[in-house]
Amino acid sequence: MCVDCQQLEVSSTAEPNMAESTEMDQLLISFKKFAVHGDTKATGKELNGKNWAKLCKDCKITDGKNVTSTDVDIVFTKVKAKTSRVITYEEFQKALEELAPKRFKGQSKDEALQSIYQLIEGKDPTNVGVTKVAKTAAVDRLTDTSKYTGSHKERFDGSGKGKGKGGREEIVDHTGYVGAYKNAGTYEEKTKAK
């Protein structure tokens, strides 16, 4: 075989692996995004059942006919460790291998797996149904704490941050002094001076 042919053969075999590795990178990135979604303590290495179901729904793996939410839950339970409540990336890939033939019935196992990877790659968790903050003049006036009067004014500090329980309830001070007395704690000094 000539040198050019060997180089051509090497480059042609290197490209699918390169495409496959970038494909797996995209899959891993999506896995991590869904793994940390809605959980501030999540590391991104494990996916819980709720986020697995969200991934399947958001990436349109569940279609209501071939793959239902029940199928998704069954596959999750099947691939996870017995006592675990989460799946790792390797278990996630096994779960996709389980779902791929059900989702893409007319395709071979490898084609179905590639199709299911394409559904997930580069996807982020959606925030459909999340209430957005309204930015209207009426809302701005209602939430401007500098214009509050009376008892409402007592619930917020100068920057507009709420005082919490201290702003809602009158906390009793058991020091023995009248509430607005300025010289509290000075009695000892006055009696020593005499």
# chains A, B, ... in the order shown; residues from 1 in each chain; ligands from 1
$ select_by_dssp --residues "region 43-173 of chain A" --states "helix (DSSP H, G or I)" --output "MDAnalysis selection string"
chainID A and resid 49:58 69:79 89:103 109:120 137:142 145:147 150:153 165:168
$ residues_around --residues "region 95-104 of chain A" --least-positions-apart "4" --cutoff "8 Å" --atoms "only C-alpha atoms" --output "list in words"
Ile61, Thr62, Asp63, Asn66, Val67, Val72, Val75, Phe76, Val79, Glu91, Ser108, Lys109, Ala112, Leu113, Ser115 and Ile116 of chain A
$ closest_residue --among "A:Gln107, A:Gln118, A:Ser146, A:Thr126" --to "Lys33 (chain A)" --atoms "only C-alpha atoms"
A:Thr126
$ closest_residue --among "A:Ala138, A:Ala193, A:Val36, A:Leu47" --to "Arg85 (chain A)" --atoms "only C-alpha atoms"
A:Leu47
$ closest_residue --among "A:Lys45, A:Leu28, A:Glu170, A:Lys182" --to "Arg155 (chain A)" --atoms "only C-alpha atoms"
A:Glu170
$ closest_residue --among "A:Leu27, A:Val172, A:Val178, A:Ala184" --to "Gln93 (chain A)" --atoms "only C-alpha atoms"
A:Leu27
$ atom_distance --atom1 "CA of Lys65 (chain A)" --atom2 "CA of Ala53 (chain A)"
15.8 Å
$ atom_distance --atom1 "CA of Gln26 (chain A)" --atom2 "CA of Gly122 (chain A)"
5.6 Å
$ closest_residue --among "A:Asp157, A:Asp73, A:Glu188, A:Glu121" --to "Asn48 (chain A)" --atoms "only C-alpha atoms"
A:Asp73
$ closest_residue --among "A:His152, A:Lys54, A:Lys161, A:Lys60" --to "Asn127 (chain A)" --atoms "only C-alpha atoms"
A:Lys54
$ atom_distance --atom1 "CA of Asp71 (chain A)" --atom2 "CA of Asp39 (chain A)"
24.2 Å
